[in-house]
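Colleague: Hey, dropping start22.cif in here, mmCIF, C-alpha atoms:
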```cif
data_protein
#
loop_
_atom_site.label_atom_id
_atom_site.label_comp_id
_atom_site.auth_asym_id
_atom_site.auth_seq_id
_atom_site.Cartn_x
_atom_site.Cartn_y
_atom_site.Cartn_z
CA MET I 1 305.50 140.60 192.44
CA ILE I 2 308.95 138.99 192.38
CA VAL I 3 307.38 135.53 192.13
CA ALA I 4 305.09 136.68 189.29
CA ASN I 5 308.02 138.15 187.40
CA SER I 6 310.11 135.04 187.92
CA LEU I 7 307.24 132.86 186.75
CA ARG I 8 306.74 135.05 183.68
CA THR I 9 310.45 134.80 182.86
CA SER I 10 310.41 131.02 183.30
CA ILE I 11 307.38 130.62 181.02
CA ALA I 12 308.96 132.90 178.44
CA SER I 13 312.17 130.87 178.63
CA MET I 14 310.26 127.59 178.18
CA LYS I 15 308.25 129.07 175.29
CA MET I 16 311.42 130.25 173.57
CA THR I 17 313.22 126.92 173.86
CA THR I 18 310.12 124.97 172.84
CA SER I 19 309.61 127.07 169.72
CA MET I 20 313.34 126.69 168.99
CA LEU I 21 312.87 122.91 169.09
CA LEU I 22 309.71 123.04 167.01
CA ASN I 23 311.56 124.93 164.29
CA ASN I 24 314.01 122.07 163.95
CA ARG I 25 312.54 119.17 161.97
CA VAL I 26 314.91 116.63 163.48
CA HIS I 27 313.88 117.52 167.01
CA VAL I 28 310.21 117.60 166.07
CA ALA I 29 310.65 114.07 164.73
CA ILE I 30 312.34 112.98 167.97
CA MET I 31 309.62 114.60 170.03
CA VAL I 32 306.75 113.06 168.04
CA GLY I 33 308.43 109.64 167.92
CA ILE I 34 309.00 109.55 171.68
CA ALA I 35 305.55 110.96 172.51
CA VAL I 36 303.83 108.39 170.27
CA ALA I 37 305.91 105.53 171.68
CA PHE I 38 305.02 106.45 175.25
CA TRP I 39 301.39 107.15 174.35
CA ILE I 40 301.12 103.60 173.04
CA ALA I 41 302.90 102.19 176.11
CA PHE I 42 300.68 104.10 178.54
CA ASN I 43 297.47 103.12 176.80
CA VAL I 44 298.47 99.46 176.63
CA LEU I 45 299.28 99.57 180.36
CA ASP I 46 295.98 101.30 181.11
CA GLN I 47 294.11 98.63 179.13
CA LEU I 48 292.67 101.11 176.68
CA LEU I 49 294.61 100.04 173.62
CA PHE I 50 294.71 96.41 172.52
CA PHE I 51 296.59 94.81 169.67
CA PHE I 52 295.39 91.22 170.06
CA PRO I 53 293.16 89.52 169.07
CA PHE I 54 291.95 92.66 167.25
CA LEU I 55 293.30 96.19 167.19
CA ASP I 56 290.94 98.04 169.49
CA PHE I 57 290.86 101.29 171.43
CA TYR I 58 288.15 102.44 173.80
CA LEU I 59 287.78 105.13 176.39
CA PRO I 60 285.45 104.24 179.25
CA SER I 61 284.40 107.08 181.55
CA ASP I 62 286.46 105.80 184.51
CA ALA I 63 289.62 105.99 182.43
CA LEU I 64 289.20 109.61 181.35
CA PRO I 65 291.37 111.23 184.10
CA THR I 66 294.26 108.78 183.62
CA PHE I 67 293.95 109.09 179.84
CA VAL I 68 294.26 112.90 180.01
CA LEU I 69 297.23 112.63 182.38
CA SER I 70 298.98 110.02 180.26
CA ASN I 71 298.54 112.23 177.17
CA VAL I 72 300.12 115.16 179.01
CA THR I 73 302.94 112.91 180.29
CA SER I 74 303.62 111.52 176.80
CA VAL I 75 303.86 114.99 175.23
CA LEU I 76 306.07 116.22 178.08
CA MET I 77 308.32 113.18 177.76
CA GLY I 78 308.68 113.87 174.04
CA LEU I 79 309.49 117.50 174.69
CA VAL I 80 311.87 116.90 177.58
CA LEU I 81 313.78 114.07 175.92
CA SER I 82 314.03 115.99 172.66
CA MET I 83 315.32 119.03 174.54
CA ASN I 84 317.89 116.91 176.36
CA VAL I 85 319.03 115.46 173.05
CA TYR I 86 319.46 119.04 171.84
CA ILE I 87 321.51 119.83 174.94
CA LEU I 88 323.64 116.73 174.49
CA ARG I 89 324.32 117.62 170.88
CA ASN I 90 324.87 121.34 171.17
CA LEU I 91 326.04 122.38 174.60
CA LYS I 92 329.42 122.22 176.21
CA PHE I 93 328.05 120.97 179.55
CA LYS I 94 326.48 117.67 178.56
CA LYS I 95 324.56 116.76 181.67
CA ILE I 96 321.07 115.33 181.75
CA SER I 97 318.89 116.26 184.66
CA ALA I 98 318.17 113.52 187.20
CA SER I 99 314.57 114.71 187.39
CA MET I 100 314.11 113.66 183.75
CA PHE I 101 314.79 110.05 184.72
CA SER I 102 312.75 110.22 187.89
CA GLY I 103 309.80 111.87 186.10
CA THR I 104 309.92 109.39 183.24
CA SER I 105 310.29 106.40 185.56
CA LEU I 106 307.52 107.54 187.89
CA GLY I 107 305.22 108.09 184.93
CA MET I 108 305.79 104.54 183.77
CA ILE I 109 305.62 102.91 187.21
CA SER I 110 302.41 104.68 188.18
CA GLY I 111 300.80 103.35 185.04
CA ALA I 112 302.21 99.87 185.14
CA CYS I 113 302.02 98.74 188.73
CA ALA I 114 298.68 100.27 189.53
CA SER I 115 297.06 97.77 187.27
CA CYS I 116 295.84 94.28 187.99
CA THR I 117 298.66 92.81 185.98
CA SER I 118 301.50 90.43 186.76
CA PRO I 119 303.73 92.94 188.59
CA SER I 120 301.14 93.39 191.34
CA PHE I 121 300.61 89.64 191.48
CA LEU I 122 304.37 89.21 191.70
CA LEU I 123 304.61 91.86 194.43
CA VAL I 124 301.92 90.17 196.48
CA SER I 125 303.17 86.62 195.99
CA THR I 126 306.82 87.53 196.61
CA PHE I 127 306.54 90.05 199.43
CA GLY I 128 303.29 88.96 201.06
CA VAL I 129 301.69 91.67 203.18
CA ALA I 130 304.32 94.26 202.21
CA GLY I 131 303.66 93.47 198.55
CA THR I 132 299.94 93.86 199.07
CA VAL I 133 300.49 97.23 200.72
CA ALA I 134 302.79 98.36 197.88
CA SER I 135 300.37 97.14 195.25
CA ASN I 136 297.41 98.82 196.94
CA PHE I 137 299.40 102.01 197.36
CA LEU I 138 300.26 102.14 193.67
CA SER I 139 296.63 101.40 192.78
CA ASN I 140 295.08 103.95 195.09
CA PHE I 141 297.56 106.71 194.34
CA GLN I 142 297.82 106.25 190.59
CA ILE I 143 296.54 109.74 189.78
CA PRO I 144 298.64 111.60 192.41
CA LEU I 145 301.73 109.66 191.25
CA ARG I 146 301.05 110.70 187.69
CA LEU I 147 300.61 114.30 188.79
CA ILE I 148 303.97 114.14 190.60
CA SER I 149 305.49 112.66 187.45
CA ILE I 150 304.08 115.57 185.39
CA GLY I 151 305.44 117.99 188.00
CA LEU I 152 308.92 116.44 187.71
CA LEU I 153 308.79 116.59 183.93
CA VAL I 154 307.71 120.26 183.98
CA TRP I 155 310.59 120.95 186.38
CA THR I 156 312.97 119.19 183.98
CA LEU I 157 311.56 121.21 181.09
CA TYR I 158 312.15 124.37 183.07
CA SER I 159 315.70 123.48 184.10
CA SER I 160 316.56 122.34 180.57
CA SER I 161 315.18 125.60 179.17
CA ARG I 162 317.27 127.54 181.63
CA LYS I 163 320.35 125.61 180.56
CA LEU I 164 319.65 126.48 176.95
CA THR I 165 318.88 130.14 177.53
CA ALA I 166 321.72 130.54 180.02
CA SER I 167 324.12 129.42 177.33
CA CYS I 168 323.25 132.62 175.45
CA ILE I 169 324.76 134.75 178.21
CA ILE I 170 328.27 135.82 177.35
CA SER I 171 330.65 134.88 180.08
CA ASN I 172 333.30 137.40 181.04
CA LYS I 173 335.84 134.61 181.40
CA ASP I 174 335.55 133.57 177.72
CA MET P 1 322.06 110.06 155.39
CA LYS P 2 323.22 112.95 157.52
CA ARG P 3 324.86 112.12 160.83
CA SER P 4 322.27 114.15 162.73
CA HIS P 5 319.46 112.19 161.06
CA VAL P 6 321.07 108.90 162.02
CA PHE P 7 321.41 110.13 165.59
CA SER P 8 317.75 111.22 165.71
CA LEU P 9 316.60 107.97 164.21
CA GLY P 10 318.62 106.17 166.87
CA VAL P 11 317.00 108.19 169.65
CA ILE P 12 313.47 107.54 168.31
CA THR P 13 314.18 103.85 167.85
CA ALA P 14 315.60 103.60 171.36
CA ALA P 15 312.52 105.32 172.81
CA ILE P 16 310.18 103.05 170.91
CA VAL P 17 312.11 99.96 171.96
CA ILE P 18 312.22 101.06 175.63
CA ALA P 19 308.49 101.91 175.64
CA GLY P 20 307.72 98.63 173.90
CA VAL P 21 309.79 96.59 176.33
CA ILE P 22 308.19 98.31 179.33
CA ALA P 23 304.68 97.75 177.94
CA TYR P 24 305.56 94.13 177.11
CA VAL P 25 307.02 93.38 180.52
CA PHE P 26 304.35 95.10 182.56
CA ALA P 27 301.26 94.47 180.49
CA GLY P 28 302.28 91.81 178.05
CA GLU P 29 299.97 89.25 179.52
CA THR P 30 297.18 91.74 179.47
CA THR P 31 297.08 91.76 175.75
CA ARG P 32 298.68 88.54 174.71
CA GLY P 33 297.24 86.06 177.11
CA LEU P 34 299.53 83.48 178.60
CA LEU P 35 299.04 79.83 179.12
CA VAL P 36 301.66 77.78 180.81
CA ASN P 37 302.10 74.33 179.45
CA ASN P 38 301.25 72.54 182.65
CA GLY P 39 299.61 69.39 181.55
CA TYR P 40 296.23 71.07 181.28
CA SER P 41 296.98 73.00 178.18
CA SER P 42 299.12 73.52 175.17
CA LYS P 43 299.80 76.93 173.81
CA THR P 44 298.81 77.77 170.26
CA ARG P 45 298.04 81.05 168.59
CA ASN P 46 294.89 81.31 166.51
CA ASP P 47 294.63 82.88 163.09
CA ASP P 48 293.04 85.93 164.66
CA GLY P 49 295.76 86.29 167.28
CA GLY P 50 293.78 84.83 170.19
CA ILE P 51 295.23 82.07 172.26
CA SER P 52 293.66 78.67 172.33
CA ALA P 53 294.49 75.75 174.52
CA ASN P 54 293.39 72.74 172.65
CA GLN P 55 294.00 70.22 175.37
CA TRP P 56 291.86 71.96 177.97
CA ARG P 57 288.57 70.42 178.79
CA ILE P 58 286.81 72.58 181.33
CA SER P 59 283.18 71.94 180.72
CA PHE P 60 280.32 74.01 182.09
CA VAL P 61 279.49 71.21 184.54
CA THR P 62 283.05 71.11 185.90
CA LEU P 63 283.16 74.88 186.24
CA THR P 64 279.95 75.13 188.21
CA SER P 65 280.16 71.92 190.25
CA ASP P 66 281.72 73.74 193.24
CA GLY P 67 278.95 76.32 193.44
CA SER P 68 280.50 78.97 191.25
CA PRO P 69 278.08 81.74 190.29
CA VAL P 70 276.49 81.43 186.89
CA GLN P 71 274.10 83.52 184.85
CA GLY P 72 272.23 82.61 181.68
CA ASP P 73 270.95 79.40 180.21
CA PRO P 74 272.95 76.39 181.51
CA GLY P 75 272.35 74.77 178.13
CA ALA P 76 273.89 77.65 176.14
CA PRO P 77 276.42 76.48 173.56
CA ILE P 78 279.18 78.80 174.79
CA THR P 79 280.42 79.55 178.31
CA LEU P 80 282.29 82.71 179.22
CA VAL P 81 284.30 82.36 182.42
CA GLU P 82 285.52 85.48 184.19
CA PHE P 83 288.41 85.25 186.64
CA GLY P 84 288.25 88.43 188.73
CA ASP P 85 289.16 90.18 191.95
CA PHE P 86 286.70 92.53 193.63
CA GLN P 87 289.49 95.01 194.35
CA CYS P 88 290.74 95.14 190.77
CA GLU P 89 289.92 98.39 189.00
CA TYR P 90 289.97 96.81 185.55
CA CYS P 91 287.51 94.14 186.69
CA ALA P 92 285.27 97.00 187.81
CA ARG P 93 285.63 98.57 184.38
CA PHE P 94 284.61 95.31 182.74
CA ALA P 95 281.63 94.94 185.11
CA LYS P 96 280.44 98.47 184.41
CA GLU P 97 281.18 98.83 180.71
CA THR P 98 281.33 95.46 179.00
CA GLU P 99 279.42 92.88 181.03
CA PRO P 100 276.04 94.65 180.64
CA GLN P 101 276.47 94.59 176.87
CA ILE P 102 277.46 90.91 176.89
CA TYR P 103 274.46 90.21 179.11
CA GLN P 104 272.06 92.01 176.81
CA ASN P 105 273.37 90.60 173.55
CA TYR P 106 274.49 87.10 174.41
CA ILE P 107 273.33 85.95 177.85
CA GLN P 108 269.72 87.13 177.71
CA THR P 109 269.39 85.69 174.24
CA GLY P 110 270.58 82.26 175.42
CA LYS P 111 273.66 82.17 173.21
CA VAL P 112 276.16 82.31 176.07
CA ASN P 113 276.21 81.65 179.79
CA MET P 114 278.69 83.22 182.16
CA VAL P 115 280.54 81.81 185.16
CA PHE P 116 282.51 83.81 187.70
CA LYS P 117 285.67 82.50 189.35
CA HIS P 118 287.83 84.29 191.92
CA LEU P 119 291.42 85.18 191.13
CA VAL P 120 292.57 87.18 194.12
CA HIS P 121 295.49 89.58 193.99
CA TYR P 122 295.07 91.91 196.89
CA GLY P 123 295.17 89.80 200.01
CA SER P 124 292.67 89.25 202.79
CA ASP P 125 290.16 91.92 201.76
CA SER P 126 289.83 90.27 198.37
CA ASP P 127 289.32 86.89 200.07
CA LEU P 128 286.64 88.41 202.24
CA ALA P 129 284.88 90.03 199.28
CA ALA P 130 285.00 86.68 197.47
CA SER P 131 283.40 84.95 200.49
CA ALA P 132 280.73 87.65 200.68
CA SER P 133 279.91 87.23 197.00
CA GLN P 134 279.49 83.49 197.51
CA CYS P 135 277.17 84.17 200.46
CA ALA P 136 275.10 86.35 198.12
CA ASN P 137 275.24 83.55 195.56
CA ASP P 138 273.66 81.19 198.11
CA GLN P 139 270.59 83.38 197.87
CA GLY P 140 270.77 83.66 194.07
CA GLN P 141 271.97 87.27 194.31
CA PHE P 142 275.60 86.99 193.21
CA TRP P 143 275.25 89.14 190.09
CA ASP P 144 273.45 91.91 191.97
CA PHE P 145 276.25 91.83 194.54
CA TYR P 146 278.83 91.82 191.71
CA HIS P 147 277.37 94.99 190.19
CA ILE P 148 276.82 96.78 193.49
CA LEU P 149 280.34 96.00 194.68
CA TYR P 150 282.09 97.04 191.48
CA ALA P 151 279.98 100.18 191.17
CA ASP P 152 281.07 101.26 194.64
CA GLN P 153 284.45 99.53 194.89
CA ASN P 154 286.11 102.25 196.95
CA SER P 155 283.54 102.02 199.74
CA PHE P 156 284.93 98.69 200.88
CA MET P 157 288.51 99.07 199.64
CA LEU P 158 289.06 102.22 201.67
CA SER P 159 287.00 101.12 204.64
CA GLN P 160 288.62 100.43 208.02
CA ASN P 161 286.09 97.66 208.61
CA THR P 162 285.87 95.61 205.42
CA THR P 163 283.35 93.10 206.77
CA LEU P 164 280.95 95.86 207.77
CA ALA P 165 281.42 97.66 204.45
CA LEU P 166 280.65 94.43 202.56
CA LYS P 167 277.57 93.82 204.68
CA ASN P 168 276.35 97.37 204.08
CA LEU P 169 276.75 96.94 200.35
CA ALA P 170 274.95 93.60 200.37
CA HIS P 171 272.09 95.00 202.43
CA ASN P 172 271.28 97.28 199.49
CA ILE P 173 270.29 94.27 197.39
CA ASP P 174 266.53 93.89 197.06
CA GLY P 175 265.29 90.58 198.34
CA LEU P 176 268.47 89.57 200.13
CA ASN P 177 268.00 88.02 203.56
CA ASN P 178 270.43 90.20 205.51
CA GLN P 179 270.55 88.00 208.58
CA LYS P 180 271.35 84.91 206.54
CA PHE P 181 273.99 86.79 204.58
CA ASP P 182 275.64 88.15 207.72
CA SER P 183 275.78 84.79 209.42
CA CYS P 184 277.24 83.19 206.28
CA LEU P 185 279.97 85.84 206.10
CA ASP P 186 280.70 85.84 209.83
CA GLY P 187 280.77 82.05 209.93
CA GLY P 188 283.43 81.92 207.20
CA THR P 189 281.39 79.46 205.13
CA TYR P 190 283.31 80.29 201.96
CA LYS P 191 286.66 81.34 203.38
CA ASP P 192 288.56 78.91 201.14
CA ILE P 193 286.72 79.51 197.87
CA ALA P 194 289.02 82.30 196.68
CA LYS P 195 292.12 80.21 197.30
CA LYS P 196 290.64 77.23 195.47
CA ASP P 197 289.57 79.29 192.45
CA THR P 198 292.91 81.11 192.35
CA GLN P 199 294.74 77.78 192.35
CA LEU P 200 292.64 76.74 189.36
CA ALA P 201 293.43 80.01 187.57
CA VAL P 202 297.15 79.71 188.24
CA SER P 203 297.13 76.08 187.09
CA LEU P 204 295.64 77.36 183.84
CA GLY P 205 298.43 79.92 183.57
CA LEU P 206 296.23 82.89 184.40
CA GLN P 207 297.70 85.53 186.69
CA ASN P 208 296.12 88.80 185.68
CA THR P 209 292.68 90.10 186.36
CA PRO P 210 290.31 90.17 184.69
CA SER P 211 291.01 87.02 182.69
CA PHE P 212 288.45 85.26 180.58
CA VAL P 213 288.04 81.82 179.13
CA ILE P 214 285.60 81.30 176.29
CA VAL P 215 284.75 77.65 175.95
CA LYS P 216 282.18 75.46 174.23
CA SER P 217 279.68 73.67 176.46
CA ASP P 218 281.54 70.38 176.13
CA GLY P 219 284.76 72.01 177.24
CA SER P 220 286.39 71.97 173.84
CA SER P 221 288.40 74.70 172.09
CA PRO P 222 288.86 77.11 174.98
CA GLN P 223 290.29 80.53 174.31
CA THR P 224 291.70 82.94 176.85
CA LEU P 225 291.44 86.67 176.86
CA VAL P 226 293.43 88.54 179.47
CA GLY P 227 292.46 92.13 180.19
CA ALA P 228 289.46 94.44 180.38
CA TYR P 229 288.77 94.24 176.67
CA PRO P 230 285.99 96.32 175.11
CA PHE P 231 282.72 94.74 174.03
CA ALA P 232 283.77 94.76 170.37
CA THR P 233 286.51 92.22 171.09
CA PHE P 234 284.18 89.91 172.99
CA LYS P 235 281.62 90.26 170.21
CA GLY P 236 284.18 89.26 167.60
CA LEU P 237 285.28 86.18 169.51
CA LEU P 238 281.83 85.10 170.71
CA ASP P 239 280.28 85.48 167.24
CA LYS P 240 283.06 83.38 165.80
CA GLU P 241 282.58 80.68 168.44
CA ILE P 242 278.81 80.69 168.05
CA SER P 243 279.00 80.41 164.27
CA GLY P 244 281.36 77.44 164.69
CA VAL P 245 279.01 75.49 166.96
#
```
Would you write the structure of this file as structure tokens?
Modeller:
Amino acid sequence: MIVANSLRTSIASMKMTTSMLLNNRVHVAIMVGIAVAFWIAFNVLDQLLFFFPFLDFYLPSDALPTFVLSNVTSVLMGLVLSMNVYILRNLKFKKISASMFSGTSLGMISGACASCTSPSFLLVSTFGVAGTVASNFLSNFQIPLRLISIGLLVWTLYSSSRKLTASCIISNKD
Amino acid sequence: MKRSHVFSLGVITAAIVIAGVIAYVFAGETTRGLLVNNGYSSKTRNDDGGISANQWRISFVTLTSDGSPVQGDPGAPITLVEFGDFQCEYCARFAKETEPQIYQNYIQTGKVNMVFKHLVHYGSDSDLAASASQCANDQGQFWDFYHILYADQNSFMLSQNTTLALKNLAHNIDGLNNQKFDSCLDGGTYKDIAKKDTQLAVSLGLQNTPSFVIVKSDGSSPQTLVGAYPFATFKGLLDKEISGV
């Protein structure tokens, strides 16, 4: 019961702050800009979007789960970064959550290193067996890593929302 | 312009630049192709954005002289060379999605032949899979092995006994002499093939898998394509090459 209530309050808080952001054109622009930038980066890393020699996008069946997860991650990144910009601009306590950086970084790393691209080659050739293990780990656990990244971003969204809604409470000291 | 708009524009630009840099660093070679000027090649960008290496001369005969697997008419005017790793997920995507379409439209029709070369990334299991594929090639079954392996990549990648997993996969191929295959793999007949092919790939400046070289039968005007591109891209490049022959 307590957990359900707390969850309901958290969702309501996130809904309120999100709609507050969506009512502000500047923050919508930031959100869309960031989400689009990361969407492009993710899809280039996942070898779904190509710019050379021709502009091409395709979605093979094996890429569907990672594509869905990267879309969710891109939107969350847009939302979280936009909300943190709002906090930086409007609140007295200008502190960005560490989980925003870890969520964003993990989202990028899970997409980049799990591929068959130069970083894995570099890992293997530089660190030998350890590099192979790291490269295989990132390949095999691409989807769980992305899920963790989404979890971290949702947590950041929640904590940022709380920061914003908490600022509405009138402090007795003021 | 309002200060807030300038700030927002700055944030968006920064995000785009960061995302772009990350994509460039991590996957740049995937989309751009990269050839190191190493005496074999010189780097030039085509009108259509592809990379060509005008000084390369890797003819079909050179490519297949060491027993590399080939499919299609040896006399086809164009050769498509794939550099792949059997543990690479994007190579599996190419094998499942794109290669069948290339086979149907270009290889079966005699316009293109295709050669496979090993470019190993993932250590000893990749070497072993490369050896196994060459053992299948001895019996003219490389391409069946290629498709079976990529279709069920996890079965050997996650196996505790890679050799056994590779044998089990190969034993599913119709017409393969299992005993001959097993003794070839156990005897390490092709244990050095992956290393040799990888050295060739690296000398050509190729590091990512899958990488492709599209070359005329005499070895002239090679073009590289790095990444699991969709069929449409291959079609565009192959049609252009064929029309220029």
Colleague: For a test of reading the model, state the distance in Å between atom CA of I:Val44 and atom CA of P:Phe156, rounded to one decimal.
Modeller: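 Here the two named atoms are 27.8 Å from each other.
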Colleague: May I have the protein, DNA and RNA residues with an atom at most 6 Å from (290.3, 87.9, 195.9), counting only C-alpha atoms in the file's coordinates, returned as an mmCIF file with C-alpha atoms, in the frame of the given file?
Modeller:
```cif
data_model
loop_
_atom_site.group_PDB
_atom_site.id
_atom_site.type_symbol
_atom_site.label_atom_id
_atom_site.label_comp_id
_atom_site.auth_asym_id
_atom_site.auth_seq_id
_atom_site.Cartn_x
_atom_site.Cartn_y
_atom_site.Cartn_z
ATOM 1 C CA ASP P 85 289.160 90.180 191.950
ATOM 2 C CA HIS P 118 287.830 84.290 191.920
ATOM 3 C CA LEU P 119 291.420 85.180 191.130
ATOM 4 C CA VAL P 120 292.570 87.180 194.120
ATOM 5 C CA HIS P 121 295.490 89.580 193.990
ATOM 6 C CA SER P 126 289.830 90.270 198.370
ATOM 7 C CA ASP P 127 289.320 86.890 200.070
ATOM 8 C CA ALA P 130 285.000 86.680 197.470
ATOM 9 C CA ALA P 194 289.020 82.300 196.680
#
```
Colleague: Just so the selection is clear, what residues does the PyMOL selection byres ((chain P and resi 111) around 12) cover here, as a PyMOL selection string?
Modeller: chain P and resi 71-80+102-110+112-114+216-217+235+238-239+241-243+245
Colleague: Return as lines of an AutoDock Vina configuration file the box centre and box size in Å, one decimal, for an axis-aligned box around all listed atoms of stretch 102-107 of chain P padded by 6 Å per side.
Modeller:
```
center_x = 274.8
center_y = 89.0
center_z = 176.3
size_x = 17.4
size_y = 18.1
size_z = 17.6
```
Colleague: To test your reading of the syntax: which residues would the PyMOL selection byres ((chain P and resi 162-168) around 9) return for the file shown? Reply as a PyMOL selection string.
Modeller: chain P and resi 125+128-129+132+149+155-161+169-172+178+181-182+185-186
Colleague: Just the residues within 10 Å of stretch 58-70 of chain I, please, counting all atoms listed in the file, with nothing from its chain fewer than 5 positions along; format it as a ChimeraX atom specification.
Modeller: /I:38-43,46-50,75-76,107-108,111,142-143,146-147,149-150 /P:89-90,92-94,96-98,229-232
Colleague: Can those selected residues be exported to a file as a PDB file, in the frame of the given file so that it contains C-alpha atoms?
Modeller:
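Final output, result_6.pdb:
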```pdb
ATOM      1  CA  PHE I  38     305.020 106.450 175.250  1.00  0.00           C
ATOM      2  CA  TRP I  39     301.390 107.150 174.350  1.00  0.00           C
ATOM      3  CA  ILE I  40     301.120 103.600 173.040  1.00  0.00           C
ATOM      4  CA  ALA I  41     302.900 102.190 176.110  1.00  0.00           C
ATOM      5  CA  PHE I  42     300.680 104.100 178.540  1.00  0.00           C
ATOM      6  CA  ASN I  43     297.470 103.120 176.800  1.00  0.00           C
ATOM      7  CA  ASP I  46     295.980 101.300 181.110  1.00  0.00           C
ATOM      8  CA  GLN I  47     294.110  98.630 179.130  1.00  0.00           C
ATOM      9  CA  LEU I  48     292.670 101.110 176.680  1.00  0.00           C
ATOM     10  CA  LEU I  49     294.610 100.040 173.620  1.00  0.00           C
ATOM     11  CA  PHE I  50     294.710  96.410 172.520  1.00  0.00           C
ATOM     12  CA  VAL I  75     303.860 114.990 175.230  1.00  0.00           C
ATOM     13  CA  LEU I  76     306.070 116.220 178.080  1.00  0.00           C
ATOM     14  CA  GLY I 107     305.220 108.090 184.930  1.00  0.00           C
ATOM     15  CA  MET I 108     305.790 104.540 183.770  1.00  0.00           C
ATOM     16  CA  GLY I 111     300.800 103.350 185.040  1.00  0.00           C
ATOM     17  CA  GLN I 142     297.820 106.250 190.590  1.00  0.00           C
ATOM     18  CA  ILE I 143     296.540 109.740 189.780  1.00  0.00           C
ATOM     19  CA  ARG I 146     301.050 110.700 187.690  1.00  0.00           C
ATOM     20  CA  LEU I 147     300.610 114.300 188.790  1.00  0.00           C
ATOM     21  CA  SER I 149     305.490 112.660 187.450  1.00  0.00           C
ATOM     22  CA  ILE I 150     304.080 115.570 185.390  1.00  0.00           C
TER      23      ILE I 150
ATOM     24  CA  GLU P  89     289.920  98.390 189.000  1.00  0.00           C
ATOM     25  CA  TYR P  90     289.970  96.810 185.550  1.00  0.00           C
ATOM     26  CA  ALA P  92     285.270  97.000 187.810  1.00  0.00           C
ATOM     27  CA  ARG P  93     285.630  98.570 184.380  1.00  0.00           C
ATOM     28  CA  PHE P  94     284.610  95.310 182.740  1.00  0.00           C
ATOM     29  CA  LYS P  96     280.440  98.470 184.410  1.00  0.00           C
ATOM     30  CA  GLU P  97     281.180  98.830 180.710  1.00  0.00           C
ATOM     31  CA  THR P  98     281.330  95.460 179.000  1.00  0.00           C
ATOM     32  CA  TYR P 229     288.770  94.240 176.670  1.00  0.00           C
ATOM     33  CA  PRO P 230     285.990  96.320 175.110  1.00  0.00           C
ATOM     34  CA  PHE P 231     282.720  94.740 174.030  1.00  0.00           C
ATOM     35  CA  ALA P 232     283.770  94.760 170.370  1.00  0.00           C
TER      36      ALA P 232
END
```
Colleague: Expand the PyMOL selection byres ((chain I and resi 16) around 12) into the explicit residue set it covers here, and present it as a ChimeraX atom specification.
Modeller: /I:9-15,17-23,83,157-158,160-162,164-165
Colleague: The selected residues should be written to file as a PDB file, keeping the file's coordinate frame (atoms: C-alpha atoms).
Modeller:
```
ATOM      1  CA  THR I   9     310.450 134.800 182.860  1.00  0.00           C
ATOM      2  CA  SER I  10     310.410 131.020 183.300  1.00  0.00           C
ATOM      3  CA  ILE I  11     307.380 130.620 181.020  1.00  0.00           C
ATOM      4  CA  ALA I  12     308.960 132.900 178.440  1.00  0.00           C
ATOM      5  CA  SER I  13     312.170 130.870 178.630  1.00  0.00           C
ATOM      6  CA  MET I  14     310.260 127.590 178.180  1.00  0.00           C
ATOM      7  CA  LYS I  15     308.250 129.070 175.290  1.00  0.00           C
ATOM      8  CA  THR I  17     313.220 126.920 173.860  1.00  0.00           C
ATOM      9  CA  THR I  18     310.120 124.970 172.840  1.00  0.00           C
ATOM     10  CA  SER I  19     309.610 127.070 169.720  1.00  0.00           C
ATOM     11  CA  MET I  20     313.340 126.690 168.990  1.00  0.00           C
ATOM     12  CA  LEU I  21     312.870 122.910 169.090  1.00  0.00           C
ATOM     13  CA  LEU I  22     309.710 123.040 167.010  1.00  0.00           C
ATOM     14  CA  ASN I  23     311.560 124.930 164.290  1.00  0.00           C
ATOM     15  CA  MET I  83     315.320 119.030 174.540  1.00  0.00           C
ATOM     16  CA  LEU I 157     311.560 121.210 181.090  1.00  0.00           C
ATOM     17  CA  TYR I 158     312.150 124.370 183.070  1.00  0.00           C
ATOM     18  CA  SER I 160     316.560 122.340 180.570  1.00  0.00           C
ATOM     19  CA  SER I 161     315.180 125.600 179.170  1.00  0.00           C
ATOM     20  CA  ARG I 162     317.270 127.540 181.630  1.00  0.00           C
ATOM     21  CA  LEU I 164     319.650 126.480 176.950  1.00  0.00           C
ATOM     22  CA  THR I 165     318.880 130.140 177.530  1.00  0.00           C
TER      23      THR I 165
END
```
Colleague: Report, in Å to a single decimal, how far apart atom CA of P:Asn154 and atom CA of P:Pro69 are.
Modeller: 23.0 Å
Colleague: Using all atoms listed in the file, which of I:Leu88, I:Leu153, I:Ala37, I:Leu79 sits nearest chain P?
Modeller: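 Of all the options, I:Ala37 lies closest to chain P.
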